[in-house]
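Colleague: data-v1.txt is reproduced in full below (compact mmCIF, C-alpha atoms).
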# COMPACT_ATOMS: atom_id res chain seq x y z
CA MET A 1 0.00 0.00 0.00
CA ALA A 2 1.34 3.43 -0.96
CA ARG A 3 3.05 5.77 1.49
CA VAL A 4 4.32 9.34 1.11
CA PHE A 5 7.29 10.97 2.83
CA LEU A 6 7.17 14.75 2.34
CA VAL A 7 10.43 16.25 3.62
CA VAL A 8 11.00 20.01 3.80
CA MET A 9 14.61 21.17 3.73
CA ASP A 10 13.87 24.44 5.47
CA SER A 11 15.09 27.45 3.42
CA VAL A 12 16.87 25.48 0.66
CA GLY A 13 15.70 27.75 -2.15
CA CYS A 14 16.92 27.75 -5.74
CA GLY A 15 16.46 31.37 -6.83
CA GLY A 16 14.39 32.74 -9.67
CA ALA A 17 11.24 34.00 -7.94
CA VAL A 18 9.59 36.41 -10.37
CA ASP A 19 8.35 38.65 -7.55
CA ALA A 20 11.61 38.75 -5.58
CA ASN A 21 11.86 42.48 -6.29
CA VAL A 22 9.04 43.24 -3.85
CA PHE A 23 10.65 41.33 -0.95
CA PHE A 24 13.54 42.87 0.92
CA ASN A 25 16.50 42.25 3.21
CA GLU A 26 17.06 45.62 4.84
CA ASP A 27 16.79 48.02 1.87
CA LEU A 28 17.91 45.51 -0.77
CA PRO A 29 15.34 43.60 -2.84
CA ASP A 30 15.77 39.82 -2.98
CA THR A 31 16.22 39.94 -6.77
CA GLY A 32 19.10 37.62 -7.68
CA SER A 33 19.19 35.73 -4.38
CA ASN A 34 19.80 32.01 -4.80
CA THR A 35 20.54 29.87 -1.76
CA LEU A 36 21.71 26.72 -3.57
CA ALA A 37 23.55 28.29 -6.49
CA HIS A 38 25.43 30.78 -4.35
CA ILE A 39 26.51 28.08 -1.88
CA ALA A 40 27.70 25.87 -4.75
CA GLN A 41 29.60 28.79 -6.30
CA ALA A 42 31.20 29.72 -2.96
CA CYS A 43 32.31 26.12 -2.40
CA ALA A 44 33.80 25.85 -5.88
CA GLU A 45 35.67 29.14 -5.40
CA GLY A 46 37.16 28.13 -2.03
CA ARG A 47 35.00 30.54 -0.02
CA ALA A 48 33.38 27.86 2.16
CA GLN A 49 36.29 26.07 3.80
CA ASP A 50 35.31 26.13 7.46
CA GLY A 51 34.95 22.47 8.45
CA ARG A 52 34.82 21.29 4.84
CA SER A 53 36.62 21.83 1.54
CA GLY A 54 36.20 21.75 -2.22
CA PRO A 55 33.06 21.78 -4.36
CA LEU A 56 29.67 21.15 -2.77
CA LYS A 57 29.27 17.36 -2.43
CA VAL A 58 25.62 16.33 -2.49
CA PRO A 59 25.58 13.39 -4.95
CA ASN A 60 22.28 11.89 -3.80
CA LEU A 61 20.33 15.14 -4.04
CA ASP A 62 22.02 16.04 -7.32
CA ALA A 63 21.15 12.63 -8.79
CA LEU A 64 17.51 13.35 -7.97
CA GLY A 65 17.79 16.63 -9.90
CA LEU A 66 18.99 19.30 -7.45
CA GLY A 67 21.41 21.00 -9.82
CA ALA A 68 19.07 20.66 -12.78
CA ALA A 69 16.18 22.17 -10.80
CA THR A 70 18.29 25.12 -9.66
CA ARG A 71 19.52 25.90 -13.17
CA MET A 72 16.02 25.55 -14.60
CA ALA A 73 14.49 27.75 -11.90
CA SER A 74 17.05 30.53 -12.04
CA GLY A 75 19.48 30.16 -14.94
CA ASP A 76 22.37 30.40 -12.45
CA GLU A 77 25.45 28.19 -12.62
CA THR A 78 25.72 25.34 -10.11
CA PRO A 79 29.36 24.18 -10.11
CA GLY A 80 29.69 20.62 -8.83
CA LEU A 81 25.98 19.93 -9.31
CA ASP A 82 25.96 18.57 -12.85
CA ALA A 83 24.46 15.08 -12.57
CA THR A 84 22.01 13.75 -15.14
CA PRO A 85 18.88 13.30 -13.01
CA VAL A 86 17.59 9.81 -12.31
CA GLY A 87 14.76 11.16 -10.14
CA PHE A 88 11.64 13.13 -10.98
CA TRP A 89 12.42 16.82 -10.51
CA GLY A 90 11.12 20.34 -10.91
CA ALA A 91 10.92 23.69 -9.14
CA ALA A 92 7.95 25.32 -7.44
CA ASN A 93 6.57 28.86 -7.29
CA GLU A 94 4.89 30.23 -4.18
CA GLN A 95 1.72 32.31 -4.58
CA SER A 96 1.25 33.42 -0.95
CA PRO A 97 2.36 36.98 -0.16
CA GLY A 98 5.11 36.00 2.25
CA LYS A 99 8.51 34.34 2.47
CA ASP A 100 7.94 32.90 5.92
CA THR A 101 7.59 29.41 7.33
CA PRO A 102 3.77 29.21 7.73
CA SER A 103 3.13 30.59 4.23
CA GLY A 104 5.46 28.05 2.66
CA HIS A 105 4.24 25.06 4.63
CA TRP A 106 0.53 25.87 4.33
CA GLU A 107 0.89 26.19 0.58
CA LEU A 108 2.99 23.02 0.25
CA ALA A 109 0.12 21.37 2.15
CA GLY A 110 -2.38 22.69 -0.40
CA LEU A 111 -3.60 25.98 1.09
CA PRO A 112 -2.30 29.36 -0.12
CA VAL A 113 -2.50 31.99 2.61
CA PRO A 114 -5.81 33.84 2.08
CA TRP A 115 -4.78 37.12 3.73
CA ASP A 116 -1.87 39.52 4.13
CA TRP A 117 0.17 38.84 7.25
CA GLY A 118 0.68 41.53 9.88
CA TYR A 119 4.19 42.89 10.42
CA PHE A 120 5.90 45.21 12.87
CA PRO A 121 7.65 48.38 11.70
CA LYS A 122 11.45 48.46 11.65
CA THR A 123 11.66 51.04 14.40
CA THR A 124 12.82 50.97 18.01
CA PRO A 125 10.50 50.48 19.80
CA CYS A 126 8.51 48.50 17.24
CA PHE A 127 5.64 47.05 19.29
CA PRO A 128 2.48 49.01 20.19
CA GLU A 129 2.19 50.06 23.82
CA ASP A 130 -0.90 47.96 24.51
CA LEU A 131 0.89 44.82 23.28
CA VAL A 132 3.90 45.58 25.51
CA ALA A 133 1.56 46.08 28.45
CA LYS A 134 -0.19 42.76 27.75
CA ALA A 135 3.11 40.87 27.44
CA SER A 136 4.40 42.43 30.66
CA ALA A 137 1.23 41.61 32.56
CA LEU A 138 1.24 38.00 31.41
CA ALA A 139 4.94 37.68 32.28
CA GLY A 140 4.41 39.33 35.67
CA THR A 141 7.21 41.83 35.01
CA GLN A 142 7.57 45.60 34.93
CA GLY A 143 8.28 45.59 31.22
CA ILE A 144 10.09 43.83 28.39
CA LEU A 145 13.55 44.01 26.88
CA GLY A 146 14.33 44.34 23.18
CA ASN A 147 11.20 45.71 21.50
CA CYS A 148 12.98 45.80 18.15
CA HIS A 149 13.94 43.90 15.01
CA ALA A 150 16.90 41.66 15.82
CA SER A 151 18.82 38.47 15.17
CA GLY A 152 17.90 35.96 17.86
CA THR A 153 21.45 34.83 18.50
CA VAL A 154 22.72 38.41 18.71
CA ILE A 155 20.00 39.74 20.98
CA ILE A 156 20.40 37.06 23.65
CA ASN A 157 24.11 37.87 23.89
CA ASP A 158 23.36 41.61 23.99
CA LEU A 159 20.54 41.41 26.53
CA GLY A 160 20.96 38.02 28.20
CA ALA A 161 22.71 39.38 31.30
CA GLU A 162 20.13 42.16 31.74
CA HIS A 163 17.35 39.59 31.34
CA VAL A 164 18.85 37.42 34.08
CA LYS A 165 19.20 40.47 36.34
CA THR A 166 15.74 41.99 35.77
CA GLY A 167 13.66 38.93 34.90
CA MET A 168 12.09 40.79 31.97
CA PRO A 169 11.56 38.70 28.80
CA ILE A 170 13.41 39.62 25.62
CA CYS A 171 10.85 40.38 22.90
CA TYR A 172 11.82 40.95 19.29
CA THR A 173 10.71 40.42 15.70
CA SER A 174 12.09 40.17 12.17
CA ALA A 175 11.00 40.79 8.60
CA ASP A 176 8.68 37.78 9.05
CA SER A 177 5.26 37.94 10.67
CA VAL A 178 6.52 36.87 14.11
CA PHE A 179 6.66 37.91 17.75
CA GLN A 180 9.55 36.12 19.45
CA ILE A 181 10.20 35.86 23.17
CA ALA A 182 13.59 34.74 24.45
CA ALA A 183 14.09 33.77 28.08
CA HIS A 184 16.56 31.78 30.15
CA GLU A 185 15.45 28.22 30.84
CA GLU A 186 16.68 28.33 34.44
CA TYR A 187 16.31 31.94 35.60
CA PHE A 188 12.97 32.58 33.87
CA GLY A 189 11.81 28.99 33.45
CA LEU A 190 11.06 26.98 30.32
CA GLU A 191 7.43 26.21 31.17
CA ARG A 192 6.85 29.81 32.20
CA LEU A 193 8.17 30.97 28.82
CA ILE A 194 6.00 28.50 26.93
CA ASP A 195 2.93 29.50 28.96
CA LEU A 196 3.66 33.18 28.26
CA CYS A 197 3.84 32.57 24.50
CA ARG A 198 0.71 30.42 24.52
CA ASP A 199 -1.27 32.99 26.51
CA LEU A 200 -0.12 35.92 24.35
CA ALA A 201 -0.66 34.12 21.03
CA PRO A 202 -4.41 34.89 20.63
CA THR A 203 -3.68 38.61 20.87
CA LEU A 204 -1.01 38.38 18.17
CA HIS A 205 -3.10 36.11 15.96
CA ALA A 206 -5.93 38.66 16.02
CA MET A 207 -3.38 41.07 14.51
CA LYS A 208 -2.63 38.45 11.80
CA ILE A 209 0.87 37.94 13.22
CA GLY A 210 1.61 34.44 12.03
CA ARG A 211 3.59 33.01 14.94
CA VAL A 212 4.55 33.62 18.54
CA ILE A 213 7.82 31.80 19.10
CA ALA A 214 9.33 30.74 22.42
CA ARG A 215 13.13 31.00 22.17
CA PRO A 216 14.64 29.47 25.33
CA PHE A 217 18.35 29.78 26.02
CA VAL A 218 20.93 28.84 28.64
CA GLY A 219 24.36 30.09 29.67
CA ASP A 220 25.78 33.11 31.47
CA ALA A 221 27.44 36.43 30.78
CA GLU A 222 30.94 35.06 31.33
CA ASN A 223 30.68 32.09 28.96
CA GLY A 224 28.00 33.37 26.61
CA PHE A 225 24.39 32.47 26.02
CA GLU A 226 23.13 29.74 23.68
CA ARG A 227 19.67 28.84 22.42
CA THR A 228 18.38 25.34 23.14
CA THR A 229 16.29 22.98 21.02
CA ASN A 230 13.21 23.54 23.21
CA ARG A 231 11.76 26.13 20.84
CA ARG A 232 7.97 26.23 20.53
CA ASP A 233 5.94 27.92 17.78
CA PHE A 234 2.35 29.03 18.40
CA ALA A 235 0.98 29.61 14.91
CA ILE A 236 -2.34 30.80 13.56
CA ALA A 237 -4.52 27.79 12.82
CA PRO A 238 -4.98 27.14 9.08
CA PRO A 239 -8.44 28.40 8.04
CA ALA A 240 -9.25 25.42 5.81
CA PRO A 241 -8.32 21.71 5.55
CA LEU A 242 -4.78 20.83 4.49
CA LEU A 243 -3.12 17.77 2.96
CA THR A 244 -2.79 16.42 6.50
CA ASN A 245 -6.55 16.69 7.00
CA TRP A 246 -7.25 15.14 3.59
CA VAL A 247 -5.17 12.09 4.50
CA GLN A 248 -6.44 11.80 8.06
CA ASP A 249 -10.07 12.15 7.01
CA ALA A 250 -9.56 9.33 4.51
CA GLY A 251 -8.34 7.07 7.31
CA GLY A 252 -4.60 7.39 6.75
CA ALA A 253 -2.07 7.99 9.51
CA VAL A 254 -0.32 11.38 9.47
CA LEU A 255 3.04 11.47 11.22
CA GLY A 256 4.96 14.69 11.86
CA VAL A 257 8.71 15.07 12.24
CA GLY A 258 10.15 18.36 13.52
CA LYS A 259 8.28 21.63 13.87
CA ILE A 260 5.51 20.54 11.45
CA GLY A 261 3.12 20.11 14.37
CA ASP A 262 3.71 23.65 15.61
CA ILE A 263 3.51 25.20 12.12
CA LEU A 264 0.23 23.49 11.28
CA THR A 265 -1.14 23.64 14.86
CA MET A 266 -1.37 19.81 14.67
CA ALA A 267 -4.14 20.11 12.08
CA GLY A 268 -4.69 16.58 10.78
CA ILE A 269 -1.53 15.28 12.47
CA ASP A 270 -1.72 12.18 14.65
CA SER A 271 1.69 12.45 16.31
CA CYS A 272 4.86 14.50 16.01
CA THR A 273 8.46 14.12 17.17
CA LYS A 274 10.83 16.99 17.97
CA GLY A 275 14.52 17.59 18.51
CA SER A 276 17.71 18.48 16.69
CA ASP A 277 18.02 17.66 13.00
CA ALA A 278 20.29 14.74 13.88
CA LYS A 279 17.63 13.34 16.20
CA LEU A 280 14.89 13.98 13.61
CA MET A 281 16.84 12.04 10.99
CA VAL A 282 16.83 9.06 13.35
CA ASP A 283 13.08 9.51 13.76
CA LEU A 284 12.56 9.69 9.99
CA ASN A 285 14.56 6.49 9.49
CA GLY A 286 12.43 4.81 12.10
CA LEU A 287 9.25 5.82 10.33
CA VAL A 288 10.38 4.43 6.98
CA GLU A 289 10.43 1.09 8.79
CA THR A 290 7.18 1.46 10.74
CA ALA A 291 4.82 3.92 9.01
CA PRO A 292 1.70 2.04 7.91
CA GLY A 293 0.36 1.81 4.38
CA GLY A 294 -1.70 4.80 3.31
CA SER A 295 0.26 7.13 5.61
CA LEU A 296 1.77 10.57 5.15
CA THR A 297 4.99 11.41 6.96
CA PHE A 298 5.55 15.18 6.91
CA ALA A 299 9.01 16.30 8.09
CA ASN A 300 10.87 19.58 8.50
CA PHE A 301 14.63 19.91 8.93
CA VAL A 302 15.07 23.45 10.24
CA GLU A 303 18.78 23.83 10.96
CA PHE A 304 19.72 24.87 7.40
CA ASP A 305 17.63 27.96 8.17
CA SER A 306 18.01 28.53 11.89
CA LEU A 307 21.71 27.80 12.32
CA TYR A 308 23.21 28.83 8.99
CA GLY A 309 20.89 30.83 6.73
CA HIS A 310 19.96 33.56 9.19
CA ARG A 311 23.53 33.70 10.45
CA ARG A 312 24.84 34.03 6.88
CA ASP A 313 27.21 31.10 7.41
CA ILE A 314 27.99 29.70 3.96
CA SER A 315 30.39 27.01 5.20
CA GLY A 316 27.95 25.84 7.86
CA TYR A 317 25.10 25.70 5.35
CA ALA A 318 27.27 23.67 2.96
CA ARG A 319 28.21 21.27 5.76
CA ALA A 320 24.54 20.83 6.64
CA LEU A 321 23.65 20.08 3.02
CA GLU A 322 26.43 17.51 2.77
CA TRP A 323 25.35 15.86 6.04
CA PHE A 324 21.73 15.77 4.90
CA ASP A 325 22.73 14.31 1.54
CA ARG A 326 24.57 11.41 3.18
CA GLU A 327 21.69 10.72 5.55
CA ILE A 328 18.91 10.99 2.97
CA GLY A 329 20.87 8.67 0.67
CA ALA A 330 20.77 5.99 3.35
CA PHE A 331 17.08 6.71 3.95
CA MET A 332 16.24 6.28 0.26
CA GLY A 333 17.75 2.81 0.36
CA LYS A 334 14.99 1.80 2.79
CA LEU A 335 12.02 2.99 0.70
CA ARG A 336 9.46 0.35 -0.29
CA GLU A 337 8.16 -0.29 -3.77
CA ASP A 338 5.05 1.88 -3.46
CA ASP A 339 6.67 4.72 -1.48
CA LEU A 340 7.02 8.28 -2.75
CA LEU A 341 9.65 10.60 -1.28
CA ILE A 342 9.24 14.31 -2.05
CA LEU A 343 12.08 16.61 -1.02
CA THR A 344 11.40 20.33 -1.22
CA ALA A 345 11.71 23.63 0.68
CA ASP A 346 9.46 26.39 2.01
CA HIS A 347 11.43 29.52 1.01
CA GLY A 348 15.05 30.62 0.59
CA ASN A 349 17.64 31.94 3.04
CA ASP A 350 20.69 32.76 0.94
CA PRO A 351 23.68 32.81 3.32
CA SER A 352 25.62 34.98 0.85
CA TRP A 353 22.92 37.68 0.84
CA PRO A 354 22.98 40.93 2.86
CA GLY A 355 20.78 41.11 5.94
CA THR A 356 19.61 38.22 8.09
CA ASP A 357 16.13 37.43 6.77
CA HIS A 358 14.66 34.84 4.41
CA THR A 359 14.98 35.37 0.67
CA ARG A 360 12.09 35.08 -1.80
CA GLU A 361 12.96 32.16 -4.08
CA ARG A 362 11.55 29.22 -5.96
CA VAL A 363 12.25 25.86 -4.34
CA PRO A 364 13.45 22.53 -5.72
CA VAL A 365 11.04 19.60 -5.84
CA LEU A 366 12.82 16.24 -5.99
CA CYS A 367 11.04 12.87 -6.04
CA ALA A 368 12.31 9.34 -5.44
CA GLY A 369 10.32 6.18 -6.04
CA VAL A 370 8.63 7.18 -9.32
CA GLY A 371 11.46 6.95 -11.84
CA ALA A 372 13.05 9.75 -13.84
CA GLY A 373 11.23 12.72 -15.34
CA GLU A 374 10.86 16.47 -15.36
CA ALA A 375 7.93 18.35 -13.84
CA GLY A 376 9.10 21.78 -15.00
CA LEU A 377 7.88 24.83 -13.08
CA ILE A 378 4.99 23.94 -10.79
CA ASP A 379 3.12 25.55 -7.90
CA PHE A 380 3.60 24.82 -4.21
CA ILE A 381 0.05 23.47 -4.00
CA ASP A 382 0.91 20.87 -6.66
CA VAL A 383 3.16 19.19 -4.08
CA ALA A 384 0.11 18.52 -1.90
CA ALA A 385 -1.97 17.40 -4.89
CA THR A 386 0.73 14.96 -5.99
CA ALA A 387 1.14 13.50 -2.51
CA ALA A 388 -2.63 13.07 -2.17
CA THR A 389 -2.97 11.47 -5.60
CA HIS A 390 -0.21 8.98 -4.78
CA LEU A 391 -2.25 7.94 -1.75
CA GLY A 392 -5.34 7.41 -3.88
CA LEU A 393 -7.10 10.64 -2.86
CA THR A 394 -8.69 13.32 -5.03
CA PRO A 395 -7.15 16.66 -4.03
CA PRO A 396 -9.46 19.71 -3.92
CA ARG A 397 -6.69 22.00 -5.19
CA GLY A 398 -3.57 21.74 -7.33
CA ARG A 399 -2.53 19.15 -9.89
CA ASN A 400 -0.54 15.94 -9.87
CA PHE A 401 2.79 16.78 -11.53
CA LEU A 402 3.98 13.18 -11.91
Could you write out this structure as structure tokens?

Modeller:
Amino acid sequence: MARVFLVVMDSVGCGGAVDANVFFNEDLPDTGSNTLAHIAQACAEGRAQDGRSGPLKVPNLDALGLGAATRMASGDETPGLDATPVGFWGAANEQSPGKDTPSGHWELAGLPVPWDWGYFPKTTPCFPEDLVAKASALAGTQGILGNCHASGTVIINDLGAEHVKTGMPICYTSADSVFQIAAHEEYFGLERLIDLCRDLAPTLHAMKIGRVIARPFVGDAENGFERTTNRRDFAIAPPAPLLTNWVQDAGGAVLGVGKIGDILTMAGIDSCTKGSDAKLMVDLNGLVETAPGGSLTFANFVEFDSLYGHRRDISGYARALEWFDREIGAFMGKLREDDLLILTADHGNDPSWPGTDHTRERVPVLCAGVGAGEAGLIDFIDVAATAATHLGLTPPRGRNFL
């Protein structure tokens, strides 16, 4: 009986978005950004040598069509990614008016975002006074720290000591539709932080802010502060059924891996595992052995984005791609005859680009288990339609690209 494994390589874009000119990093439009091509070019030119060397080595992904998809999507050169595809490959366009995680995942699951997200101005302070008052009251503090656009790793080092001293949560945002709260797991308390985010989320969701994110960290001023893997996202609930609901309503099991459960508010998801990408890869390999027939496994590997894209770390991003390639190659060897593996992404995050935010890009779509072929340029929602069709369902939106 057929199974589908839909795996999102978070932020692994391939350039070429036709509307990139209306999305920005600082004051620079995303026109010309290309996560995969620019990493491959940097590796080939010796500009990504920290912990690795030479051209980008992702033979399993390239054999599925990674290089071909990137060149087709953008026209950019992909040195080292020149395999003749033996998988079924294409590149997808996003219709939703955002380059954020919920927009990408909702649309990959068959539902374009039906509204414009809310955002906070790039000023300091950036949050309205009534929101600050609500956050302070829920936290039981005299105020908040931050109140600005910031990099999460930078702001905890800048304000971590003051947070420990005052007890006030660190609140910040980005170019995405998010309200993020960072707090120390020991001095503030992990459960207290999660409760604060959960309680504040309805207020933010009413403003069409897509996610309230708990960003716990540990450490001290002397040795530095470091975020932990206990992040929690409180997202707006999707306003209509998704691929996960389609499968669940038809009697199929839906198994989440990573932050999928948080992004989709567990809509149509039976169970979900969490942890580091290394731990999630173990979970994914377990599910290829145990997932029942008729099931959908929906996975997200976030560390390309969270550890390397936002931090503009080209070498780290390349290392993560090479690790993922080795692991997914072993995973593919365990697929059964009727299985379909779809590898894709939700947006870009070009580590060579100015700024620290996501980049508006097309994404690769690579399939194993269905032979070789070319899908061309498709839409995000076609990923959901193809997964549903493989499971014998009739999707309400999108088309089967196989």

Colleague: When distances are computed from only C-alpha atoms, which of A:Ala291, A:Val363, A:Met207, A:Val4 shows the smallest separation from Ser74 (chain A)?

Modeller: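 The answer is A:Val363, which sits nearest to Ser74 (chain A).
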
Colleague: Counting all atoms listed in the file, what is within 8 Å of Asp379 (chain A), bar same-chain residues fewer than 6 positions away, as a PyMOL selection string?

Modeller: chain A and resi 92-95+398

Colleague: For Gly224 (chain A), which residue out of A:Asn157, A:Gln180, A:Thr166, A:Thr265 is the nearest one, using all atoms listed in the file?

Modeller: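 Answer, going by the shortest atom-to-atom distance: A:Asn157.
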
Colleague: Which residues, protein or nucleic acid, reach to within 7 Å of (4.9, 47.1, 28.8) in the file's coordinates when using only C-alpha atoms, and can you give that as a PyMOL selection string?

Modeller: chain A and resi 129+132-136+142-144

Colleague: Give as a PyMOL selection string every residue, naming chains and numbers as the document does, that has an atom within 10 Å of (20.6, 34.8, -0.8), counting all atoms listed in the file.

Modeller: chain A and resi 13-15+25+30-39+309+312+348-361
